[in-house]
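Asks: Here it is, the structure in full.
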Number of protein chains: 2
Amino acid sequence: MKRRGAPTILDVAEASGLSKSTVSNVIRGAGSVSAETRRRVLEVVADLGYRPNALARNLVQQRTSTIGIVVGDLSNPVYSELAKLVEQRASDMGFSAMICNTDGHTPSEAARIESLLEHRVAGIVMLQFSGEGAIVGELREQGVPLTVVSCWVEHTDCVSIDDTVGAELAVDHLIELGHRRIAYLSSGLVEAKTDGFRFEGYRRALDHGGLEMGEELVLRSEEPPYLRSDRDLQADVERVLGGHDPPTAFFVSNDLVAVDLIETLEEGGVQVPADVSVVGFDDIAIAGLARVSLTTVVQPRDELARLGMELLMRRIEGGDSLPLKQVRLEPVLVVRSSTRRP
Amino acid sequence: MKRRGAPTILDVAEASGLSKSTVSNVIRGAGSVSAETRRRVLEVVADLGYRPNALARNLVQQRTSTIGIVVGDLSNPVYSELAKLVEQRASDMGFSAMICNTDGHTPSEAARIESLLEHRVAGIVMLQFSGEGAIVGELREQGVPLTVVSCWVEHTDCVSIDDTVGAELAVDHLIELGHRRIAYLSSGLVEAKTDGFRFEGYRRALDHGGLEMGEELVLRSEEPPYLRSDRDLQADVERVLGGHDPPTAFFVSNDLVAVDLIETLEEGGVQVPADVSVVGFDDIAIAGLARVSLTTVVQPRDELARLGMELLMRRIEGGDSLPLKQVRLEPVLVVRSSTRRP
DNA sequence: TTGAAAGCGCTAACAC
DNA sequence: GTGTTAGCGCTTTCAA
């Protein structure tokens, strides 16, 4: 009596007087089994509460139906929504998801990916990318399908909006409103390369708006940990606003920080948009609240998730030999009431 | 030359001229191996880029180091934060996490759990509980450790704040401010049983405040899908406020809905807190923004996650025989500026 | 200190 | 239509 632990396919075989493989056939719906046999097996399966062991199956099949989702910060609504949507789509396609939060911390990102590889995931979706080129290389070498969502990464299947154009849209809007002194604010919350693109868009907009870019208007720490500590932000903001010829508008490369900025400004008695305009990036849910009403650039989460899974599945099925596929989505600016004429 | 796919422990054994078991010993740090042997093995491991196959290991060990995290709605910040914290702690303890989003949808919850069981997860943490008693029973029967976080569920290890006391705190606060007509608002976003507790707290507070509960002040759809459609909310709110002897305050059993309510009220020209006070529940990040500044009951996410994993580990290690452990945390009210004297 | 061998639960040829 | 068999990559006695 070895009835310890969950029933195995062998238990089902014995109880139904059939062989392992026949049982396996009916469970997988493969091969050909007589109606009567199928009925009997199914009955026993229900009786015993048999549940196939995915580990054994995956081991023998040399592939799993699990994907990894690597996200920088699940408490940022952009990413938790993306994660949710990707998980949803994965599940629809019969895949389970291991979701890992890295806190934007490279060592912990490496550890999480290592674990995913040990679990032999069929592929990995990265939302927000640490920029550690080593990881992309490593994965390609291992032949593990990788798709990056919401970041543009060279030599990798990816889908993201055109960050540069998005930023341009935002800053153009400010210029059209008549702003001449526009500050740029970002933080470690935005992945470095992405921030680079957005900054580029900012530069371009100033450029063809005939505006000069003042170094003193750029609040951007190259170091990953521009800790979103309110004190730092407050100090920086005070410095910029207290300077000579202060900005009348801010373009912020991330809604969370934009909201923080508004908070900080108003704490200091500076009203938005009466005294200063603010544009964000992402269009997270709170941006749409009447009390916040942030003008911002939309990240179409649904599209990103859909295309991301699509690219991943394509690569899982098609293998290394398929050509690279990188999709750039058109950004859209939503004008709300955090911006107005200076 | 079968050098197809990732190198196995056998490849390492061959390349180092040792046996599988010796290699296994050094990898697991078990048994006793000479320093020289260890060095040699490690060298080959690095050379070949060998990575242990977790599937094989888990299969033979008859246990996994994967847990399942089942969450109702990852786009609700309460749950995405909890999920993040639980994943973090799991990872610290050497566990990977499969995170599933159920959208509060019972069939999809069942499917996700089925998949987790097929993957033989070591345990499951449920954030937000659908109330399907069948599932708890099923899991217990299967001997799969289960911990529910942020909901109080009978006969199951769980940790949550005292929802009744929390609601009482909130409503007491309104009463102390002088409100006499206090409405109750909830939605399908809050799990039914939990909502029940909060409603009970509301009732009690009215009771010992010597206030009568008016049926007409209770906006609470028993049906799971009290769809958070703004239209429904708007209609309900208009009805209540337009009625005879309208409320001067709302207690809302969920911050997300509370924020929605404020939005809806102000759209209709009703100012918060000037005309009407609002108290929420959860203390999500946006509640703390100056522009929102919602008085609310705090859910201590950190504590919940920590205790949740603690309970789960205890059960994973201790098994069925351990006594039930249910932890109730003391709620705290944060008073901000969405409430004032009527 | 090291190695040989027996599985873990399942699938996938291949026989019958 | 059904059964036999040989593994998948690993851990774990048990001998040597």
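Residues in the structure tokens are named by chain (A, B, ... in the order shown) and by number from 1 within that chain; ligands are numbered from 1 in the order shown.
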Counting only C-alpha atoms, collect the residues of chain A whose closest atom lies at most 9 Å from chain B, and write them out as a ChimeraX atom specification.
Replies: /A:5-6,51-56,58-59,62,68,73-78,80-84,87-88,91,96-102,112,114-120,142-143,259-260,263,266-267,286,289-292
Asks: Limited to N, CA and C atoms, could you put the picked residues into a file as a short mmCIF file (atom, residue, chain, number, x, y, z; two decimals), in the first residue's frame?
Replies:
```
data_model
loop_
_atom_site.label_atom_id
_atom_site.label_comp_id
_atom_site.auth_asym_id
_atom_site.auth_seq_id
_atom_site.Cartn_x
_atom_site.Cartn_y
_atom_site.Cartn_z
N GLY A 5 0.92 10.40 -0.91
CA GLY A 5 1.04 11.46 -1.92
C GLY A 5 -0.04 11.35 -2.97
N ALA A 6 0.04 12.22 -3.95
CA ALA A 6 -0.98 12.29 -4.99
C ALA A 6 -0.95 11.03 -5.85
N ARG A 51 -4.33 14.07 -10.84
CA ARG A 51 -3.97 15.33 -11.46
C ARG A 51 -2.58 15.15 -12.05
N PRO A 52 -2.44 15.30 -13.38
CA PRO A 52 -1.14 15.08 -14.01
C PRO A 52 -0.05 15.92 -13.36
N ASN A 53 1.12 15.36 -13.27
CA ASN A 53 2.26 16.06 -12.68
C ASN A 53 3.01 16.81 -13.76
N ALA A 54 2.86 18.14 -13.72
CA ALA A 54 3.46 18.98 -14.76
C ALA A 54 4.98 18.85 -14.76
N LEU A 55 5.56 18.61 -13.59
CA LEU A 55 7.01 18.48 -13.52
C LEU A 55 7.49 17.31 -14.36
N ALA A 56 6.87 16.19 -14.15
CA ALA A 56 7.26 14.99 -14.89
C ALA A 56 7.03 15.19 -16.38
N ASN A 58 6.89 18.01 -18.06
CA ASN A 58 7.83 18.97 -18.61
C ASN A 58 9.23 18.38 -18.74
N LEU A 59 9.57 17.58 -17.76
CA LEU A 59 10.90 16.98 -17.79
C LEU A 59 11.07 16.10 -19.02
N GLN A 62 10.98 17.93 -22.36
CA GLN A 62 12.09 18.85 -22.58
C GLN A 62 11.64 20.27 -22.88
N GLY A 68 8.48 33.38 -17.78
CA GLY A 68 8.89 34.27 -16.71
C GLY A 68 8.52 35.69 -17.08
N ASP A 73 9.24 47.09 -10.91
CA ASP A 73 8.55 47.53 -9.70
C ASP A 73 7.05 47.34 -9.82
N LEU A 74 6.60 46.28 -9.20
CA LEU A 74 5.17 45.96 -9.25
C LEU A 74 4.32 47.02 -8.59
N SER A 75 4.94 47.90 -7.78
CA SER A 75 4.05 48.88 -7.16
C SER A 75 3.90 50.12 -8.03
N ASN A 76 4.56 50.12 -9.17
CA ASN A 76 4.28 51.16 -10.16
C ASN A 76 3.13 50.65 -11.03
N PRO A 77 2.03 51.37 -11.03
CA PRO A 77 0.84 50.90 -11.73
C PRO A 77 1.07 50.55 -13.20
N VAL A 78 1.97 51.23 -13.85
CA VAL A 78 2.23 50.88 -15.25
C VAL A 78 2.65 49.42 -15.33
N SER A 80 2.43 46.98 -12.91
CA SER A 80 1.52 45.96 -12.40
C SER A 80 0.42 45.70 -13.41
N GLU A 81 -0.01 46.75 -14.10
CA GLU A 81 -1.04 46.52 -15.12
C GLU A 81 -0.50 45.71 -16.27
N LEU A 82 0.69 46.06 -16.70
CA LEU A 82 1.30 45.29 -17.79
C LEU A 82 1.47 43.83 -17.37
N ALA A 83 1.94 43.63 -16.16
CA ALA A 83 2.15 42.27 -15.68
C ALA A 83 0.84 41.51 -15.68
N LYS A 84 -0.19 42.16 -15.22
CA LYS A 84 -1.50 41.54 -15.19
C LYS A 84 -1.97 41.16 -16.59
N GLU A 87 0.16 38.29 -17.99
CA GLU A 87 -0.20 37.02 -17.34
C GLU A 87 -1.50 36.51 -17.92
N GLN A 88 -2.43 37.42 -18.08
CA GLN A 88 -3.74 37.07 -18.64
C GLN A 88 -3.60 36.40 -20.01
N SER A 91 -1.88 33.02 -19.80
CA SER A 91 -2.81 32.02 -19.32
C SER A 91 -3.76 31.57 -20.42
N SER A 96 1.68 29.20 -17.74
CA SER A 96 1.70 29.76 -16.40
C SER A 96 2.80 30.80 -16.35
N ALA A 97 2.69 31.70 -15.40
CA ALA A 97 3.68 32.77 -15.33
C ALA A 97 4.37 32.81 -13.98
N MET A 98 5.68 32.88 -14.01
CA MET A 98 6.41 33.17 -12.79
C MET A 98 6.75 34.65 -12.85
N ILE A 99 6.20 35.41 -11.92
CA ILE A 99 6.45 36.84 -11.95
C ILE A 99 7.52 37.19 -10.93
N CYS A 100 8.52 37.93 -11.36
CA CYS A 100 9.60 38.31 -10.47
C CYS A 100 9.73 39.82 -10.41
N ASN A 101 9.85 40.33 -9.22
CA ASN A 101 10.05 41.76 -9.02
C ASN A 101 11.52 41.99 -8.69
N THR A 102 12.15 42.89 -9.43
CA THR A 102 13.58 43.06 -9.21
C THR A 102 13.95 44.32 -8.44
N ARG A 112 16.95 36.36 -10.13
CA ARG A 112 15.62 35.94 -10.57
C ARG A 112 15.69 35.23 -11.92
N GLU A 114 18.25 33.73 -13.21
CA GLU A 114 18.89 32.45 -12.98
C GLU A 114 17.86 31.41 -12.56
N SER A 115 17.04 31.79 -11.61
CA SER A 115 16.01 30.87 -11.13
C SER A 115 15.05 30.49 -12.25
N LEU A 116 14.67 31.46 -13.06
CA LEU A 116 13.77 31.15 -14.18
C LEU A 116 14.42 30.15 -15.12
N LEU A 117 15.70 30.32 -15.36
CA LEU A 117 16.40 29.41 -16.27
C LEU A 117 16.47 28.01 -15.66
N GLU A 118 16.69 27.95 -14.37
CA GLU A 118 16.73 26.64 -13.73
C GLU A 118 15.37 25.95 -13.86
N HIS A 119 14.34 26.77 -13.87
CA HIS A 119 13.02 26.18 -14.04
C HIS A 119 12.70 25.94 -15.50
N ARG A 120 13.66 26.24 -16.34
CA ARG A 120 13.53 25.96 -17.78
C ARG A 120 12.29 26.60 -18.39
N GLN A 142 21.82 31.04 -24.36
CA GLN A 142 21.08 29.88 -23.85
C GLN A 142 19.94 29.50 -24.77
N GLY A 143 19.67 30.34 -25.73
CA GLY A 143 18.55 30.05 -26.62
C GLY A 143 17.21 30.23 -25.95
N VAL A 259 3.49 63.33 -10.52
CA VAL A 259 2.55 63.52 -9.44
C VAL A 259 3.28 64.00 -8.18
N ASP A 260 4.43 63.38 -7.96
CA ASP A 260 5.29 63.79 -6.86
C ASP A 260 5.70 65.25 -7.00
N GLU A 263 2.95 67.59 -6.19
CA GLU A 263 2.85 67.59 -4.74
C GLU A 263 3.90 68.53 -4.12
N GLU A 266 3.32 72.27 -4.99
CA GLU A 266 2.22 72.90 -4.28
C GLU A 266 2.50 73.04 -2.79
N GLU A 267 3.29 72.11 -2.29
CA GLU A 267 3.71 72.25 -0.90
C GLU A 267 4.49 73.55 -0.72
N ILE A 286 -4.31 57.30 -11.99
CA ILE A 286 -4.57 58.50 -11.21
C ILE A 286 -4.41 59.78 -12.02
N LEU A 289 -7.68 61.30 -12.80
CA LEU A 289 -8.58 61.83 -11.78
C LEU A 289 -8.72 63.34 -11.91
N ALA A 290 -9.91 63.83 -11.70
CA ALA A 290 -10.14 65.27 -11.82
C ALA A 290 -9.21 66.05 -10.90
N ARG A 291 -8.95 65.51 -9.73
CA ARG A 291 -8.12 66.25 -8.79
C ARG A 291 -6.66 66.28 -9.18
N VAL A 292 -6.28 65.38 -10.06
CA VAL A 292 -4.88 65.36 -10.51
C VAL A 292 -4.84 65.93 -11.91
#
```
Asks: Using only C-alpha atoms (C1' of nucleotides), which chain C residues lie at most 12 Å away from chain B, written as a compact mmCIF listing (two decimals) with N, CA and C atoms (P, O5', C5', C4', C3', O3' and C1' of nucleotides), in the first residue's frame?
Replies:
```txt
# COMPACT_ATOMS: atom_id res chain seq x y z
P DT C 1 36.22 13.42 3.43
O5' DT C 1 36.32 12.63 2.03
C5' DT C 1 37.52 12.63 1.30
C4' DT C 1 37.26 11.71 0.16
C3' DT C 1 36.34 12.29 -0.92
O3' DT C 1 37.09 12.32 -2.13
C1' DT C 1 35.68 10.08 -0.34
P DT C 2 36.46 12.75 -3.48
O5' DT C 2 35.72 11.45 -3.96
C5' DT C 2 36.37 10.55 -4.84
C4' DT C 2 35.48 9.36 -5.10
C3' DT C 2 34.45 9.57 -6.20
O3' DT C 2 34.90 8.85 -7.34
C1' DT C 2 33.60 8.27 -4.39
P DG C 3 34.02 8.90 -8.67
O5' DG C 3 33.11 7.61 -8.46
C5' DG C 3 33.76 6.36 -8.32
C4' DG C 3 32.73 5.24 -8.36
C3' DG C 3 31.74 5.32 -9.52
O3' DG C 3 31.53 3.99 -9.99
C1' DG C 3 30.55 5.37 -7.48
P DA C 4 30.75 3.69 -11.33
O5' DA C 4 29.84 2.44 -10.94
C5' DA C 4 29.87 1.89 -9.62
C4' DA C 4 28.59 1.07 -9.39
C3' DA C 4 27.67 0.95 -10.61
O3' DA C 4 26.97 -0.29 -10.51
C1' DA C 4 26.60 2.25 -8.95
P DA C 5 25.80 -0.66 -11.55
O5' DA C 5 24.50 -0.23 -10.74
C5' DA C 5 24.35 -0.61 -9.36
C4' DA C 5 22.96 -0.26 -8.89
C3' DA C 5 21.88 -0.39 -9.97
O3' DA C 5 20.69 -0.79 -9.33
C1' DA C 5 21.94 1.82 -9.24
P DA C 6 19.46 -1.29 -10.17
O5' DA C 6 18.22 -0.80 -9.30
C5' DA C 6 18.39 -0.60 -7.87
C4' DA C 6 17.44 0.52 -7.44
C3' DA C 6 16.14 0.55 -8.25
O3' DA C 6 15.08 0.90 -7.38
C1' DA C 6 17.21 2.62 -8.41
P DG C 7 13.57 0.61 -7.79
O5' DG C 7 13.58 1.30 -9.25
C5' DG C 7 12.55 2.21 -9.61
C4' DG C 7 12.58 3.42 -8.67
C3' DG C 7 11.57 4.48 -9.08
O3' DG C 7 10.95 5.04 -7.96
C1' DG C 7 13.78 5.37 -9.19
P DC C 8 9.39 5.30 -7.93
O5' DC C 8 9.30 6.88 -8.08
C5' DC C 8 9.57 7.76 -7.00
C4' DC C 8 9.53 9.17 -7.53
C3' DC C 8 8.44 9.41 -8.55
O3' DC C 8 7.33 10.04 -7.90
C1' DC C 8 10.57 10.30 -9.29
P DG C 9 5.87 9.38 -8.00
O5' DG C 9 5.40 9.91 -9.42
C5' DG C 9 5.25 11.31 -9.63
C4' DG C 9 5.08 11.54 -11.10
C3' DG C 9 3.93 10.76 -11.73
O3' DG C 9 3.10 11.67 -12.40
C1' DG C 9 5.93 10.48 -12.97
P DC C 10 1.90 11.24 -13.36
O5' DC C 10 2.61 11.30 -14.78
C5' DC C 10 2.93 12.58 -15.30
C4' DC C 10 3.90 12.44 -16.43
C3' DC C 10 3.31 11.89 -17.71
O3' DC C 10 2.92 13.01 -18.51
C1' DC C 10 5.50 11.02 -17.25
```
Asks: Would you tabulate, counting only C-alpha atoms (C1' of nucleotides), all residues of chain D that have an atom at most 12 Å from an atom of chain A, showing the closest pair of atoms and their distance in Å to one decimal, sorted by chain then ascending number, as CSV?
Replies:
```
residue,atom,partner,partner_atom,distance
D:DG1,C1',A:Val33,CA,5.9
D:DT2,C1',A:Thr22,CA,6.5
D:DG3,C1',A:Ser19,CA,6.2
D:DT4,C1',A:Ser21,CA,9.3
D:DT5,C1',A:Ser21,CA,10.8
D:DA6,C1',A:Val60,CA,11.5
D:DG7,C1',A:Val60,CA,8.1
D:DC8,C1',A:Val60,CA,4.1
D:DG9,C1',A:Leu59,CA,7.8
D:DC10,C1',A:Leu59,CA,10.3
```
Asks: Taking the DSSP assignment computed from this structure's backbone, write out as a CSV table (one decimal) with N, CA and C atoms, in the first residue's frame all residues of segment 143-172 of chain A that belong to strand (DSSP E or B).
Replies:
```
chain,number,residue,atom,x,y,z
A,146,LEU,N,13.3,35.8,-25.5
A,146,LEU,CA,13.2,36.9,-24.7
A,146,LEU,C,12.4,38.0,-25.4
A,147,THR,N,11.5,38.6,-24.8
A,147,THR,CA,10.8,39.8,-25.4
A,147,THR,C,10.8,40.9,-24.3
A,148,VAL,N,11.2,42.1,-24.8
A,148,VAL,CA,11.2,43.2,-23.9
A,148,VAL,C,10.0,44.1,-24.2
A,149,VAL,N,9.2,44.4,-23.2
A,149,VAL,CA,8.0,45.2,-23.4
A,149,VAL,C,8.2,46.6,-22.8
A,157,ASP,N,13.9,41.0,-29.6
A,157,ASP,CA,12.5,41.3,-29.9
A,157,ASP,C,11.9,42.2,-28.8
A,158,CYS,N,11.3,43.2,-29.2
A,158,CYS,CA,10.7,44.1,-28.3
A,158,CYS,C,9.6,45.0,-28.8
A,159,VAL,N,8.8,45.5,-27.9
A,159,VAL,CA,7.7,46.4,-28.3
A,159,VAL,C,7.6,47.5,-27.3
A,160,SER,N,7.6,48.7,-27.9
A,160,SER,CA,7.5,49.9,-27.0
A,160,SER,C,6.9,51.0,-27.8
A,161,ILE,N,6.5,52.1,-27.2
A,161,ILE,CA,6.1,53.2,-27.9
A,161,ILE,C,7.3,53.9,-28.3
```
Asks: Between B:Phe199, B:Trp152, B:Tyr184, B:Phe129, which one has atoms that come closest to Thr164 of chain B, using only C-alpha atoms?
Replies: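 Closest residue, counting only C-alpha atoms: B:Phe199.
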Asks: Could you give me the residues within segment 83-306 of chain B that DSSP places in alpha helix (DSSP H), as a ChimeraX atom specification?
Replies: /B:83-92,106-118,133-142,163-177,192-208,230-242,255-267,301-306
